[in-house]
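J.: Let me begin by handing over the structure; questions about it come next.
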Amino acid sequence: MRKEAREKGWNEKKTNDSWATFKILSEFVMGFERMSRIGPCVSIFGSARLKPDHEYYKLATEIATKIVENGYGVITGGGPGIMEAGNKGAHLAGGTSVGLNIALPFEQHDNPYIDHDKSLDFDYFFARKVMFVKYSQGFVVMPGGFGTLDELFEAITLIQTNKIAKFPIILVGTEFWSGLIDWIKSTLDTKFMTVSPTDIDLLHVVDTSDEAVNIINEFYAKYSLSPNF
């Protein structure tokens with residue numbers, strides 16, 4: 001009897017997995033159809049926990065404004081903190097402001113600065129991450145937690161393995177990122193040789209909005225704007 005119960009439970013899980021593929025497919029279809037119309041954009045990542053009076057919230061707003069002034073839209077994760085700051089800067093500058101929201105038990109809720117027709121909701125992180133990578137012409141990575149690091153290393157991995165086209169990856173805040181960069185150089189590269197020195201060159205560490213935008217402009221003075229795969 002116990003064996004029968006175990007087999008039934010396992011089979012029910014397999015059935016649920018099969019039906020989940022339709023939900024996953026719907027998120028990709030929705031994302032591709034709506035994101036394909038937004039035009040060239042830069043994604044801004046960072047902590048959901050930083051408040052509007054924080055220096056990096058203010059800097060993210062300033063960077064987003066200058067990104068728009070230079071002809072790009074802004075994509076964020078759609079939530080509070082740095083995400084809100086990115087959408088706010090884009091909105092105040094009259095540019096495209098996209099939010100890719102994710103259903104989470106805490107922290108995440110829509111911010112009010114997303115264009116009403118450019119707010120997308122996801123249940124699956126991996127579907128959401130595909131939209132960031134495919135439709136971004138650059139990543140601006142502000143101080144953040146594990147989610148921010150996840151997006152950062154995903155992009156580095158995909159570029160380094162030639163799965164997507166190269167694009168600028170800009171880390172904002174020397175005080176925040178310098179320890180990580182030093183560890184990558186000393187431990188991953190020099191000591192264990194698990195990365196190549198050229199991989200580290202994909203990362204640009206800056207402290208000002210002008211530096212961030214200049215890197216994007218210099219890159220696209222040489223390369224064309226297009227979806228990444």
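Chain labels run A, B, ... following the order of the structure tokens; each chain numbers its residues from 1, and ligands are numbered from 1 in the order shown.
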Taking 2 positions as the minimum chain separation for residues in the same chain, which residues sit within 12 Å of A:Met35 when counting only C-alpha atoms? Answer as a ChimeraX atom specification.

T.: /A:27-33,37-41,73-75,96-100,117-120,128,130-136,227

J.: I'd like the contact shell of A:Pro168 - 10 Å cut-off, only C-alpha atoms, skipping same-chain residues fewer than 6 positions apart - returned as a list in words.

T.: Val42, Ser136, Gln137, Gly138, Phe139, Val140, Ala155, Leu202, Leu203, His204, Ala212, Ile215, Ile216, Asn217, Glu218, Phe219 and Tyr220 of chain A

J.: Taking N, CA and C atoms for each residue, export the selection above as a PDB file, in the first residue's frame.

T.:
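Once written, part.pdb looks like this:
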ATOM      1  N   VAL A  42      19.068  49.249 -22.270  1.00  0.00           N
ATOM      2  CA  VAL A  42      20.129  48.833 -21.347  1.00  0.00           C
ATOM      3  C   VAL A  42      19.464  48.377 -20.058  1.00  0.00           C
ATOM      4  N   SER A 136      18.833  43.238 -24.215  1.00  0.00           N
ATOM      5  CA  SER A 136      19.650  44.304 -23.627  1.00  0.00           C
ATOM      6  C   SER A 136      20.876  44.569 -24.478  1.00  0.00           C
ATOM      7  N   GLN A 137      21.198  45.837 -24.641  1.00  0.00           N
ATOM      8  CA  GLN A 137      22.422  46.217 -25.335  1.00  0.00           C
ATOM      9  C   GLN A 137      23.566  46.472 -24.355  1.00  0.00           C
ATOM     10  N   GLY A 138      23.298  46.285 -23.094  1.00  0.00           N
ATOM     11  CA  GLY A 138      24.326  46.430 -22.080  1.00  0.00           C
ATOM     12  C   GLY A 138      23.734  46.161 -20.709  1.00  0.00           C
ATOM     13  N   PHE A 139      24.583  45.775 -19.765  1.00  0.00           N
ATOM     14  CA  PHE A 139      24.170  45.582 -18.377  1.00  0.00           C
ATOM     15  C   PHE A 139      24.883  46.619 -17.513  1.00  0.00           C
ATOM     16  N   VAL A 140      24.119  47.366 -16.743  1.00  0.00           N
ATOM     17  CA  VAL A 140      24.669  48.248 -15.713  1.00  0.00           C
ATOM     18  C   VAL A 140      24.332  47.595 -14.382  1.00  0.00           C
ATOM     19  N   ALA A 155      25.547  36.596 -17.601  1.00  0.00           N
ATOM     20  CA  ALA A 155      25.968  37.337 -18.797  1.00  0.00           C
ATOM     21  C   ALA A 155      27.422  37.044 -19.154  1.00  0.00           C
ATOM     22  N   LEU A 202      35.952  41.678 -19.761  1.00  0.00           N
ATOM     23  CA  LEU A 202      34.544  41.930 -20.075  1.00  0.00           C
ATOM     24  C   LEU A 202      33.911  42.903 -19.084  1.00  0.00           C
ATOM     25  N   LEU A 203      34.546  43.068 -17.921  1.00  0.00           N
ATOM     26  CA  LEU A 203      33.968  43.869 -16.843  1.00  0.00           C
ATOM     27  C   LEU A 203      34.598  45.255 -16.774  1.00  0.00           C
ATOM     28  N   HIS A 204      33.759  46.277 -16.618  1.00  0.00           N
ATOM     29  CA  HIS A 204      34.222  47.658 -16.469  1.00  0.00           C
ATOM     30  C   HIS A 204      33.711  48.191 -15.134  1.00  0.00           C
ATOM     31  N   ALA A 212      29.755  55.396 -17.078  1.00  0.00           N
ATOM     32  CA  ALA A 212      28.907  54.276 -17.492  1.00  0.00           C
ATOM     33  C   ALA A 212      28.375  54.479 -18.903  1.00  0.00           C
ATOM     34  N   ILE A 215      31.029  54.275 -21.784  1.00  0.00           N
ATOM     35  CA  ILE A 215      31.412  52.913 -22.170  1.00  0.00           C
ATOM     36  C   ILE A 215      30.400  52.336 -23.166  1.00  0.00           C
ATOM     37  N   ILE A 216      29.129  52.567 -22.917  1.00  0.00           N
ATOM     38  CA  ILE A 216      28.092  52.086 -23.834  1.00  0.00           C
ATOM     39  C   ILE A 216      28.221  52.760 -25.197  1.00  0.00           C
ATOM     40  N   ASN A 217      28.387  54.079 -25.195  1.00  0.00           N
ATOM     41  CA  ASN A 217      28.489  54.811 -26.464  1.00  0.00           C
ATOM     42  C   ASN A 217      29.736  54.423 -27.250  1.00  0.00           C
ATOM     43  N   GLU A 218      30.846  54.241 -26.568  1.00  0.00           N
ATOM     44  CA  GLU A 218      32.081  53.853 -27.250  1.00  0.00           C
ATOM     45  C   GLU A 218      31.952  52.455 -27.860  1.00  0.00           C
ATOM     46  N   PHE A 219      31.263  51.576 -27.159  1.00  0.00           N
ATOM     47  CA  PHE A 219      31.078  50.215 -27.675  1.00  0.00           C
ATOM     48  C   PHE A 219      30.239  50.241 -28.949  1.00  0.00           C
ATOM     49  N   TYR A 220      29.131  50.995 -28.938  1.00  0.00           N
ATOM     50  CA  TYR A 220      28.235  50.986 -30.098  1.00  0.00           C
ATOM     51  C   TYR A 220      28.655  51.965 -31.191  1.00  0.00           C
TER      52      TYR A 220
END

J.: Set the distance at 8 Å and use only C-alpha atoms: which residues neighbour A:Thr148 once local chain neighbours fewer than 3 positions away are removed? I'd like the list as a list of chain:residue names.

T.: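 The neighbour list is A:Phe45, A:Gly46, A:Ser47, A:Val141, A:Pro143, A:Gly144, A:Gly145, A:Glu151, A:Leu152.
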
J.: Restricting it to all heavy atoms, dump the selection as a short mmCIF file (atom, residue, chain, number, x, y, z; two decimals), in the first residue's frame.

T.:
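Ended up saving to selection_32.cif:
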data_model
loop_
_atom_site.label_atom_id
_atom_site.label_comp_id
_atom_site.auth_asym_id
_atom_site.auth_seq_id
_atom_site.Cartn_x
_atom_site.Cartn_y
_atom_site.Cartn_z
N PHE A 45 20.62 46.52 -13.03
CA PHE A 45 20.41 45.56 -11.95
C PHE A 45 20.89 46.13 -10.62
O PHE A 45 21.77 46.98 -10.59
CB PHE A 45 21.17 44.26 -12.23
CG PHE A 45 20.76 43.58 -13.50
CD1 PHE A 45 21.51 43.73 -14.66
CD2 PHE A 45 19.62 42.79 -13.54
CE1 PHE A 45 21.13 43.10 -15.83
CE2 PHE A 45 19.24 42.16 -14.71
CZ PHE A 45 19.99 42.32 -15.86
N GLY A 46 20.35 45.61 -9.54
CA GLY A 46 20.81 46.02 -8.22
C GLY A 46 19.82 45.62 -7.14
O GLY A 46 18.75 45.07 -7.42
N SER A 47 20.16 45.92 -5.93
CA SER A 47 19.40 45.47 -4.78
C SER A 47 17.99 46.06 -4.72
O SER A 47 17.79 47.25 -4.96
CB SER A 47 20.14 45.84 -3.49
OG SER A 47 19.37 45.52 -2.36
N VAL A 141 25.36 47.18 -13.65
CA VAL A 141 25.16 46.38 -12.45
C VAL A 141 25.53 47.21 -11.22
O VAL A 141 26.70 47.49 -10.97
CB VAL A 141 25.99 45.08 -12.51
CG1 VAL A 141 25.57 44.14 -11.38
CG2 VAL A 141 25.84 44.38 -13.86
N PRO A 143 25.27 47.87 -6.89
CA PRO A 143 25.40 46.99 -5.73
C PRO A 143 24.10 46.21 -5.48
O PRO A 143 23.01 46.77 -5.54
CB PRO A 143 25.69 47.96 -4.59
CG PRO A 143 26.42 49.09 -5.26
CD PRO A 143 25.74 49.25 -6.58
N GLY A 144 24.25 44.93 -5.22
CA GLY A 144 23.09 44.08 -4.99
C GLY A 144 23.47 42.79 -4.31
O GLY A 144 24.62 42.60 -3.88
N GLY A 145 22.52 41.87 -4.25
CA GLY A 145 22.72 40.60 -3.56
C GLY A 145 22.88 39.45 -4.53
O GLY A 145 23.41 39.60 -5.64
N GLU A 151 22.62 37.47 -12.27
CA GLU A 151 22.50 38.08 -13.59
C GLU A 151 23.87 38.44 -14.15
O GLU A 151 24.14 38.26 -15.35
CB GLU A 151 21.63 39.35 -13.50
CG GLU A 151 20.20 39.11 -13.06
CD GLU A 151 19.35 38.41 -14.11
OE1 GLU A 151 19.86 38.13 -15.22
OE2 GLU A 151 18.18 38.13 -13.82
N LEU A 152 24.75 38.94 -13.31
CA LEU A 152 26.09 39.32 -13.74
C LEU A 152 26.85 38.11 -14.30
O LEU A 152 27.37 38.15 -15.42
CB LEU A 152 26.85 39.93 -12.57
CG LEU A 152 28.36 40.11 -12.74
CD1 LEU A 152 28.68 41.07 -13.89
CD2 LEU A 152 29.00 40.59 -11.44
#

J.: Grab the atom CA of A:Pro112 to atom CA of A:Ala85 distance for me, in Å with one decimal place.

T.: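 Atom-to-atom, atom CA of A:Pro112 to atom CA of A:Ala85, that is 10.5 Å.
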
J.: Output as a PyMOL selection string all residues of chain A that backbone DSSP marks as alpha helix (DSSP H).

T.: chain A and resi 2-35+55-69+82-92+125-135+146-160+174-183+197-200+209-220

J.: Excluding A:Ala90 and residues on its chain fewer than 6 positions from it, collect all residues at most 9 Å away from it, counting only C-alpha atoms, and give them as a list of chain:residue names.

T.: A:Thr61, A:Glu62, A:Ile63, A:Ala64, A:Thr65, A:Lys66, A:Ile67, A:Val68, A:Glu69, A:Gly73, A:Val74, A:Thr96, A:Ser97, A:Tyr113, A:Ile114

J.: Which is closer to A:Asp182 than all the others in A:Ile156, A:Ile24, A:Val205, A:Ile164, using only C-alpha atoms?

T.: A:Val205
